[in-house]
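Peer 1: My structure file input.txt, compact mmCIF, N, CA and C atoms, is below:
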```txt
# COMPACT_ATOMS: atom_id res chain seq x y z
N MET R 78 -54.48 -6.87 -28.94
CA MET R 78 -55.42 -7.96 -29.10
C MET R 78 -56.09 -8.24 -27.75
N ALA R 79 -57.39 -8.41 -27.79
CA ALA R 79 -58.16 -8.72 -26.58
C ALA R 79 -58.01 -10.20 -26.24
N LYS R 80 -58.21 -10.54 -24.99
CA LYS R 80 -58.12 -11.93 -24.56
C LYS R 80 -59.33 -12.74 -25.02
N PHE R 81 -60.46 -12.06 -25.21
CA PHE R 81 -61.70 -12.71 -25.64
C PHE R 81 -62.24 -11.94 -26.84
N GLU R 82 -62.52 -12.65 -27.93
CA GLU R 82 -63.01 -11.99 -29.14
C GLU R 82 -64.10 -12.83 -29.80
N ILE R 83 -64.99 -12.15 -30.52
CA ILE R 83 -65.91 -12.82 -31.43
C ILE R 83 -65.83 -12.10 -32.77
N LYS R 84 -65.53 -12.88 -33.79
CA LYS R 84 -65.49 -12.40 -35.16
C LYS R 84 -66.80 -12.83 -35.81
N MET R 85 -67.61 -11.86 -36.22
CA MET R 85 -68.91 -12.15 -36.82
C MET R 85 -68.86 -11.88 -38.32
N ILE R 86 -69.30 -12.86 -39.08
CA ILE R 86 -69.31 -12.77 -40.53
C ILE R 86 -70.77 -12.71 -40.96
N PHE R 87 -71.09 -11.67 -41.72
CA PHE R 87 -72.47 -11.44 -42.12
C PHE R 87 -72.67 -11.64 -43.62
N LYS R 88 -73.93 -11.83 -44.01
CA LYS R 88 -74.29 -11.96 -45.42
C LYS R 88 -73.82 -10.72 -46.17
N LYS R 89 -73.47 -10.92 -47.44
CA LYS R 89 -73.05 -9.79 -48.28
C LYS R 89 -74.16 -8.75 -48.40
N SER R 90 -75.41 -9.20 -48.33
CA SER R 90 -76.56 -8.30 -48.47
C SER R 90 -76.93 -7.59 -47.17
N ALA R 91 -76.22 -7.85 -46.11
CA ALA R 91 -76.55 -7.28 -44.79
C ALA R 91 -76.38 -5.77 -44.77
N ASN R 92 -77.20 -5.12 -43.99
CA ASN R 92 -77.08 -3.68 -43.76
C ASN R 92 -76.01 -3.48 -42.68
N MET R 93 -74.79 -3.27 -43.13
CA MET R 93 -73.66 -3.22 -42.19
C MET R 93 -73.73 -2.00 -41.27
N ALA R 94 -74.34 -0.92 -41.72
CA ALA R 94 -74.49 0.25 -40.84
C ALA R 94 -75.37 -0.09 -39.65
N SER R 95 -76.48 -0.79 -39.89
CA SER R 95 -77.37 -1.20 -38.79
C SER R 95 -76.67 -2.18 -37.86
N LEU R 96 -75.92 -3.12 -38.44
CA LEU R 96 -75.20 -4.10 -37.62
C LEU R 96 -74.10 -3.42 -36.80
N HIS R 97 -73.40 -2.48 -37.42
CA HIS R 97 -72.38 -1.72 -36.69
C HIS R 97 -73.01 -1.01 -35.49
N ASN R 98 -74.15 -0.36 -35.72
CA ASN R 98 -74.84 0.35 -34.63
C ASN R 98 -75.27 -0.61 -33.52
N GLU R 99 -75.81 -1.76 -33.91
CA GLU R 99 -76.26 -2.76 -32.93
C GLU R 99 -75.09 -3.26 -32.08
N ILE R 100 -73.99 -3.59 -32.73
CA ILE R 100 -72.82 -4.11 -32.01
C ILE R 100 -72.17 -3.01 -31.16
N THR R 101 -72.14 -1.79 -31.68
CA THR R 101 -71.62 -0.66 -30.90
C THR R 101 -72.45 -0.46 -29.64
N ASN R 102 -73.77 -0.52 -29.76
CA ASN R 102 -74.65 -0.38 -28.59
C ASN R 102 -74.39 -1.47 -27.56
N ILE R 103 -74.24 -2.72 -28.05
CA ILE R 103 -73.95 -3.84 -27.14
C ILE R 103 -72.60 -3.61 -26.45
N CYS R 104 -71.60 -3.20 -27.21
CA CYS R 104 -70.28 -2.95 -26.63
C CYS R 104 -70.34 -1.83 -25.59
N ASN R 105 -71.07 -0.77 -25.89
CA ASN R 105 -71.18 0.35 -24.95
C ASN R 105 -71.86 -0.06 -23.65
N LYS R 106 -72.87 -0.93 -23.75
CA LYS R 106 -73.59 -1.39 -22.56
C LYS R 106 -72.75 -2.31 -21.68
N THR R 107 -71.82 -3.03 -22.30
CA THR R 107 -71.13 -4.11 -21.59
C THR R 107 -69.63 -3.89 -21.37
N GLY R 108 -69.09 -2.80 -21.89
CA GLY R 108 -67.67 -2.52 -21.68
C GLY R 108 -66.74 -3.24 -22.63
N ASN R 109 -67.25 -3.61 -23.81
CA ASN R 109 -66.43 -4.22 -24.85
C ASN R 109 -66.08 -3.17 -25.89
N ALA R 110 -65.31 -3.56 -26.90
CA ALA R 110 -64.94 -2.63 -27.96
C ALA R 110 -64.93 -3.36 -29.30
N ILE R 111 -65.29 -2.63 -30.35
CA ILE R 111 -65.11 -3.16 -31.70
C ILE R 111 -63.62 -3.09 -31.99
N LEU R 112 -63.04 -4.23 -32.35
CA LEU R 112 -61.61 -4.33 -32.57
C LEU R 112 -61.23 -4.19 -34.03
N HIS R 113 -62.11 -4.67 -34.91
CA HIS R 113 -61.82 -4.65 -36.34
C HIS R 113 -63.13 -4.71 -37.10
N GLU R 114 -63.18 -3.98 -38.20
CA GLU R 114 -64.36 -3.98 -39.05
C GLU R 114 -63.90 -3.83 -40.49
N GLU R 115 -64.29 -4.79 -41.31
CA GLU R 115 -63.92 -4.74 -42.72
C GLU R 115 -64.93 -5.51 -43.54
N GLY R 116 -65.48 -4.87 -44.56
CA GLY R 116 -66.46 -5.53 -45.41
C GLY R 116 -67.64 -6.01 -44.59
N ASN R 117 -67.91 -7.30 -44.66
CA ASN R 117 -69.05 -7.87 -43.94
C ASN R 117 -68.62 -8.62 -42.66
N VAL R 118 -67.50 -8.19 -42.08
CA VAL R 118 -66.97 -8.82 -40.87
C VAL R 118 -66.77 -7.75 -39.77
N ILE R 119 -67.26 -8.06 -38.58
CA ILE R 119 -67.04 -7.20 -37.41
C ILE R 119 -66.51 -8.08 -36.28
N THR R 120 -65.41 -7.64 -35.66
CA THR R 120 -64.83 -8.34 -34.52
C THR R 120 -64.89 -7.43 -33.30
N TYR R 121 -65.41 -7.96 -32.20
CA TYR R 121 -65.41 -7.20 -30.95
C TYR R 121 -64.76 -8.05 -29.88
N GLY R 122 -64.38 -7.42 -28.77
CA GLY R 122 -63.77 -8.20 -27.71
C GLY R 122 -63.50 -7.41 -26.45
N SER R 123 -62.88 -8.11 -25.50
CA SER R 123 -62.56 -7.55 -24.19
C SER R 123 -61.41 -8.33 -23.58
N ASP R 124 -60.73 -7.71 -22.64
CA ASP R 124 -59.69 -8.40 -21.88
C ASP R 124 -60.27 -9.15 -20.70
N SER R 125 -61.52 -8.90 -20.38
CA SER R 125 -62.15 -9.50 -19.20
C SER R 125 -63.36 -10.35 -19.60
N PHE R 126 -63.39 -11.58 -19.11
CA PHE R 126 -64.55 -12.43 -19.37
C PHE R 126 -65.80 -11.85 -18.72
N ASN R 127 -65.63 -11.12 -17.63
CA ASN R 127 -66.78 -10.53 -16.93
C ASN R 127 -67.49 -9.47 -17.75
N THR R 128 -66.83 -8.85 -18.70
CA THR R 128 -67.50 -7.93 -19.61
C THR R 128 -67.85 -8.61 -20.93
N PHE R 129 -67.04 -9.59 -21.32
CA PHE R 129 -67.25 -10.28 -22.59
C PHE R 129 -68.53 -11.13 -22.56
N ALA R 130 -68.74 -11.86 -21.49
CA ALA R 130 -69.90 -12.77 -21.40
C ALA R 130 -71.24 -12.03 -21.52
N PRO R 131 -71.45 -10.90 -20.84
CA PRO R 131 -72.73 -10.20 -21.01
C PRO R 131 -72.97 -9.74 -22.45
N ALA R 132 -71.92 -9.35 -23.15
CA ALA R 132 -72.08 -8.95 -24.55
C ALA R 132 -72.56 -10.14 -25.38
N PHE R 133 -72.02 -11.32 -25.10
CA PHE R 133 -72.45 -12.52 -25.82
C PHE R 133 -73.93 -12.77 -25.59
N VAL R 134 -74.40 -12.59 -24.38
CA VAL R 134 -75.82 -12.78 -24.07
C VAL R 134 -76.66 -11.79 -24.88
N HIS R 135 -76.20 -10.56 -25.01
CA HIS R 135 -76.93 -9.57 -25.82
C HIS R 135 -77.02 -10.02 -27.28
N LEU R 136 -75.99 -10.67 -27.80
CA LEU R 136 -76.03 -11.16 -29.18
C LEU R 136 -77.18 -12.15 -29.37
N ILE R 137 -77.40 -12.99 -28.38
CA ILE R 137 -78.44 -14.01 -28.45
C ILE R 137 -79.82 -13.38 -28.61
N TYR R 138 -80.00 -12.19 -28.06
CA TYR R 138 -81.30 -11.51 -28.10
C TYR R 138 -81.43 -10.53 -29.27
N SER R 139 -80.43 -10.43 -30.12
CA SER R 139 -80.46 -9.46 -31.22
C SER R 139 -80.99 -10.07 -32.51
N SER R 140 -82.24 -9.77 -32.84
CA SER R 140 -82.82 -10.30 -34.08
C SER R 140 -82.16 -9.66 -35.30
N ILE R 141 -81.74 -8.40 -35.20
CA ILE R 141 -81.05 -7.73 -36.31
C ILE R 141 -79.81 -8.53 -36.68
N LEU R 142 -79.05 -8.90 -35.69
CA LEU R 142 -77.82 -9.65 -35.90
C LEU R 142 -78.11 -11.06 -36.42
N LYS R 143 -79.05 -11.74 -35.80
CA LYS R 143 -79.36 -13.13 -36.17
C LYS R 143 -79.82 -13.25 -37.62
N ASN R 144 -80.54 -12.26 -38.12
CA ASN R 144 -81.08 -12.32 -39.48
C ASN R 144 -79.99 -12.26 -40.55
N SER R 145 -78.82 -11.78 -40.22
CA SER R 145 -77.75 -11.61 -41.21
C SER R 145 -76.50 -12.43 -40.93
N LEU R 146 -76.46 -13.13 -39.82
CA LEU R 146 -75.24 -13.83 -39.39
C LEU R 146 -74.98 -15.10 -40.21
N LEU R 147 -73.77 -15.18 -40.78
CA LEU R 147 -73.34 -16.41 -41.46
C LEU R 147 -72.53 -17.29 -40.52
N ASP R 148 -71.65 -16.67 -39.73
CA ASP R 148 -70.86 -17.43 -38.76
C ASP R 148 -70.34 -16.48 -37.69
N ALA R 149 -70.01 -17.03 -36.55
CA ALA R 149 -69.41 -16.28 -35.45
C ALA R 149 -68.32 -17.15 -34.85
N ILE R 150 -67.13 -16.62 -34.80
CA ILE R 150 -65.97 -17.36 -34.31
C ILE R 150 -65.54 -16.80 -32.95
N TRP R 151 -65.63 -17.63 -31.92
CA TRP R 151 -65.22 -17.29 -30.55
C TRP R 151 -63.73 -17.57 -30.45
N LYS R 152 -62.97 -16.62 -29.93
CA LYS R 152 -61.53 -16.80 -29.77
C LYS R 152 -61.15 -16.42 -28.34
N ASP R 153 -60.45 -17.34 -27.68
CA ASP R 153 -59.92 -17.07 -26.34
C ASP R 153 -58.62 -17.85 -26.17
N TYR R 154 -58.12 -17.93 -24.96
CA TYR R 154 -56.83 -18.59 -24.72
C TYR R 154 -56.87 -20.10 -24.98
N HIS R 155 -58.07 -20.68 -25.15
CA HIS R 155 -58.19 -22.10 -25.50
C HIS R 155 -58.12 -22.33 -27.00
N GLY R 156 -58.30 -21.29 -27.80
CA GLY R 156 -58.30 -21.41 -29.24
C GLY R 156 -59.52 -20.74 -29.86
N GLU R 157 -59.95 -21.26 -31.02
CA GLU R 157 -61.08 -20.70 -31.74
C GLU R 157 -62.11 -21.77 -32.04
N HIS R 158 -63.39 -21.38 -32.03
CA HIS R 158 -64.45 -22.29 -32.45
C HIS R 158 -65.68 -21.48 -32.84
N SER R 159 -66.50 -22.07 -33.68
CA SER R 159 -67.73 -21.40 -34.08
C SER R 159 -68.71 -21.39 -32.91
N CYS R 160 -69.33 -20.25 -32.69
CA CYS R 160 -70.35 -20.14 -31.65
C CYS R 160 -71.70 -19.73 -32.26
N LYS R 161 -71.80 -19.86 -33.58
CA LYS R 161 -73.04 -19.46 -34.26
C LYS R 161 -74.24 -20.23 -33.72
N LYS R 162 -74.09 -21.52 -33.51
CA LYS R 162 -75.21 -22.34 -33.03
C LYS R 162 -75.74 -21.81 -31.70
N SER R 163 -74.84 -21.43 -30.81
CA SER R 163 -75.26 -20.90 -29.50
C SER R 163 -76.00 -19.58 -29.65
N ILE R 164 -75.56 -18.74 -30.57
CA ILE R 164 -76.23 -17.46 -30.80
C ILE R 164 -77.60 -17.66 -31.42
N MET R 165 -77.71 -18.61 -32.34
CA MET R 165 -78.94 -18.78 -33.12
C MET R 165 -80.02 -19.61 -32.43
N GLU R 166 -79.68 -20.30 -31.36
CA GLU R 166 -80.69 -21.13 -30.68
C GLU R 166 -81.85 -20.28 -30.21
N PRO R 167 -83.07 -20.82 -30.32
CA PRO R 167 -84.24 -20.07 -29.87
C PRO R 167 -84.15 -19.76 -28.38
N ILE R 168 -84.70 -18.64 -28.02
CA ILE R 168 -84.72 -18.22 -26.62
C ILE R 168 -85.92 -18.84 -25.95
N ALA R 169 -85.69 -19.52 -24.84
CA ALA R 169 -86.78 -20.21 -24.13
C ALA R 169 -87.67 -19.26 -23.39
```
Can I see the file as structure tokens?
Peer 2:
Amino acid sequence: MAKFEIKMIFKKSANMASLHNEITNICNKTGNAILHEEGNVITYGSDSFNTFAPAFVHLIYSSILKNSLLDAIWKDYHGEHSCKKSIMEPIA
């Protein structure tokens, strides 16, 4: 289990192959890994906040991801909370 994780839940109608590719590309750029994938849920994470945080920023800029996202659960040593609002906020 990674120290930092985001579990993303997507619409049933989502193109999961495209989302998998998008998240894989983000993970490859930032040093994260997909930890679990099942149905319309993909979880990625890292043991280091220094690699985890840049991946989160990439999520904010991903329109492919935003169009299908139902919820995103941030998990770290403090616990779990939804971070969907942070991902979905418009980019200034």
Peer 1: For a test of reading the model, state the distance in Å between atom C of R:Phe126 and atom CA of R:Met165, rounded to one decimal.
Peer 2: 20.7 Å
Peer 1: For the strand (DSSP E or B) assignment from backbone DSSP, which residues of chain R qualify? Please present them as an MDAnalysis selection string.
Peer 2: chainID R and resid 81:87 110:115 118:123 146:153 156:159
Peer 1: Take the residues just selected and output them with N, CA and C atoms as a compact mmCIF listing (two decimals), keeping the file's coordinate frame.
Peer 2:
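Okay, part.txt is ready:
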```
# COMPACT_ATOMS: atom_id res chain seq x y z
N PHE R 81 -60.46 -12.06 -25.21
CA PHE R 81 -61.70 -12.71 -25.64
C PHE R 81 -62.24 -11.94 -26.84
N GLU R 82 -62.52 -12.65 -27.93
CA GLU R 82 -63.01 -11.99 -29.14
C GLU R 82 -64.10 -12.83 -29.80
N ILE R 83 -64.99 -12.15 -30.52
CA ILE R 83 -65.91 -12.82 -31.43
C ILE R 83 -65.83 -12.10 -32.77
N LYS R 84 -65.53 -12.88 -33.79
CA LYS R 84 -65.49 -12.40 -35.16
C LYS R 84 -66.80 -12.83 -35.81
N MET R 85 -67.61 -11.86 -36.22
CA MET R 85 -68.91 -12.15 -36.82
C MET R 85 -68.86 -11.88 -38.32
N ILE R 86 -69.30 -12.86 -39.08
CA ILE R 86 -69.31 -12.77 -40.53
C ILE R 86 -70.77 -12.71 -40.96
N PHE R 87 -71.09 -11.67 -41.72
CA PHE R 87 -72.47 -11.44 -42.12
C PHE R 87 -72.67 -11.64 -43.62
N ALA R 110 -65.31 -3.56 -26.90
CA ALA R 110 -64.94 -2.63 -27.96
C ALA R 110 -64.93 -3.36 -29.30
N ILE R 111 -65.29 -2.63 -30.35
CA ILE R 111 -65.11 -3.16 -31.70
C ILE R 111 -63.62 -3.09 -31.99
N LEU R 112 -63.04 -4.23 -32.35
CA LEU R 112 -61.61 -4.33 -32.57
C LEU R 112 -61.23 -4.19 -34.03
N HIS R 113 -62.11 -4.67 -34.91
CA HIS R 113 -61.82 -4.65 -36.34
C HIS R 113 -63.13 -4.71 -37.10
N GLU R 114 -63.18 -3.98 -38.20
CA GLU R 114 -64.36 -3.98 -39.05
C GLU R 114 -63.90 -3.83 -40.49
N GLU R 115 -64.29 -4.79 -41.31
CA GLU R 115 -63.92 -4.74 -42.72
C GLU R 115 -64.93 -5.51 -43.54
N VAL R 118 -67.50 -8.19 -42.08
CA VAL R 118 -66.97 -8.82 -40.87
C VAL R 118 -66.77 -7.75 -39.77
N ILE R 119 -67.26 -8.06 -38.58
CA ILE R 119 -67.04 -7.20 -37.41
C ILE R 119 -66.51 -8.08 -36.28
N THR R 120 -65.41 -7.64 -35.66
CA THR R 120 -64.83 -8.34 -34.52
C THR R 120 -64.89 -7.43 -33.30
N TYR R 121 -65.41 -7.96 -32.20
CA TYR R 121 -65.41 -7.20 -30.95
C TYR R 121 -64.76 -8.05 -29.88
N GLY R 122 -64.38 -7.42 -28.77
CA GLY R 122 -63.77 -8.20 -27.71
C GLY R 122 -63.50 -7.41 -26.45
N SER R 123 -62.88 -8.11 -25.50
CA SER R 123 -62.56 -7.55 -24.19
C SER R 123 -61.41 -8.33 -23.58
N LEU R 146 -76.46 -13.13 -39.82
CA LEU R 146 -75.24 -13.83 -39.39
C LEU R 146 -74.98 -15.10 -40.21
N LEU R 147 -73.77 -15.18 -40.78
CA LEU R 147 -73.34 -16.41 -41.46
C LEU R 147 -72.53 -17.29 -40.52
N ASP R 148 -71.65 -16.67 -39.73
CA ASP R 148 -70.86 -17.43 -38.76
C ASP R 148 -70.34 -16.48 -37.69
N ALA R 149 -70.01 -17.03 -36.55
CA ALA R 149 -69.41 -16.28 -35.45
C ALA R 149 -68.32 -17.15 -34.85
N ILE R 150 -67.13 -16.62 -34.80
CA ILE R 150 -65.97 -17.36 -34.31
C ILE R 150 -65.54 -16.80 -32.95
N TRP R 151 -65.63 -17.63 -31.92
CA TRP R 151 -65.22 -17.29 -30.55
C TRP R 151 -63.73 -17.57 -30.45
N LYS R 152 -62.97 -16.62 -29.93
CA LYS R 152 -61.53 -16.80 -29.77
C LYS R 152 -61.15 -16.42 -28.34
N ASP R 153 -60.45 -17.34 -27.68
CA ASP R 153 -59.92 -17.07 -26.34
C ASP R 153 -58.62 -17.85 -26.17
N GLY R 156 -58.30 -21.29 -27.80
CA GLY R 156 -58.30 -21.41 -29.24
C GLY R 156 -59.52 -20.74 -29.86
N GLU R 157 -59.95 -21.26 -31.02
CA GLU R 157 -61.08 -20.70 -31.74
C GLU R 157 -62.11 -21.77 -32.04
N HIS R 158 -63.39 -21.38 -32.03
CA HIS R 158 -64.45 -22.29 -32.45
C HIS R 158 -65.68 -21.48 -32.84
N SER R 159 -66.50 -22.07 -33.68
CA SER R 159 -67.73 -21.40 -34.08
C SER R 159 -68.71 -21.39 -32.91
```
Peer 1: Around (-72.6, -21.1, -36.6) in the file's own coordinates, what residues are found within 8 Å if you use only C-alpha atoms, given back as a PyMOL selection string?
Peer 2: chain R and resi 147-150+159-165
Peer 1: Which value, in Å to one decimal, gives the distance between atom CA of R:Pro167 and atom C of R:Ile100?
Peer 2: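 Going from atom CA of R:Pro167 over to atom C of R:Ile100, I get 20.9 Å.
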Peer 1: Set the distance at 8 Å and use all atoms listed in the file: which residues neighbour R:Tyr154 once local chain neighbours fewer than 3 positions away are removed? I'd like the list as number ranges by chain.
Peer 2: R: 79-82, 151, 157
Peer 1: Listed atoms of stretch 129-140 of chain R, axis-aligned box, 3 Å per side: centre and edge lengths to one decimal in Å, as lines of an AutoDock Vina configuration file?
Peer 2:
```
center_x = -74.9
center_y = -11.5
center_z = -28.1
size_x = 21.8
size_y = 11.1
size_z = 20.5
```
Peer 1: By how many Å are atom C of R:Tyr121 and atom CA of R:Ile83 apart?
Peer 2: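 Distance reported for this atom pair: 5.1 Å.
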Peer 1: Which of these residues is nearest to R:Cys104, using all atoms listed in the file: R:Ile137, R:His158, R:Asn92, R:Ala132?
Peer 2: R:Ala132
Peer 1: I need the residue nearest R:Gly116 from this list: R:Ser90, R:Asn98, R:Ile141, R:Phe133. Use only C-alpha atoms for the distance.
Peer 2: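 Of the candidates, the smallest distance to R:Gly116 is held by R:Ser90.
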Peer 1: As a PyMOL selection string, please: the residues near R:Leu112 (cut-off 7 Å, all atoms listed in the file, same-chain neighbours under 3 positions excluded).
Peer 2: chain R and resi 119-122
Peer 1: Deliver the residues from the most recent selection as a file, using N, CA and C atoms, as a compact mmCIF listing (two decimals), in the frame of the given file.
Peer 2:
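Writing done, so here's again.txt:
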```txt
# COMPACT_ATOMS: atom_id res chain seq x y z
N ILE R 119 -67.26 -8.06 -38.58
CA ILE R 119 -67.04 -7.20 -37.41
C ILE R 119 -66.51 -8.08 -36.28
N THR R 120 -65.41 -7.64 -35.66
CA THR R 120 -64.83 -8.34 -34.52
C THR R 120 -64.89 -7.43 -33.30
N TYR R 121 -65.41 -7.96 -32.20
CA TYR R 121 -65.41 -7.20 -30.95
C TYR R 121 -64.76 -8.05 -29.88
N GLY R 122 -64.38 -7.42 -28.77
CA GLY R 122 -63.77 -8.20 -27.71
C GLY R 122 -63.50 -7.41 -26.45
```
Peer 1: For the point (-67.4, -9.5, -41.6) in file coordinates, what residues are within 5 Å, counting only N, CA and C atoms? Give the answer as a list in words?
Peer 2: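 Within the cut-off we find Met85, Ile86, Phe87, Gly116, Asn117, Val118 and Ile119 of chain R.
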Peer 1: Give me the residues within 7 Å of R:Asn109 as a PyMOL selection string, counting all atoms listed in the file and dropping any in the same chain fewer than 2 places off.
Peer 2: chain R and resi 103-107+111+121-123+128-129
Peer 1: Run DSSP on the backbone of this structure and report the residues of chain R it assigns to alpha helix (DSSP H), as a VMD selection string.
Peer 2: chain R and resid 93 to 107 126 to 137 140 to 145 161 to 165
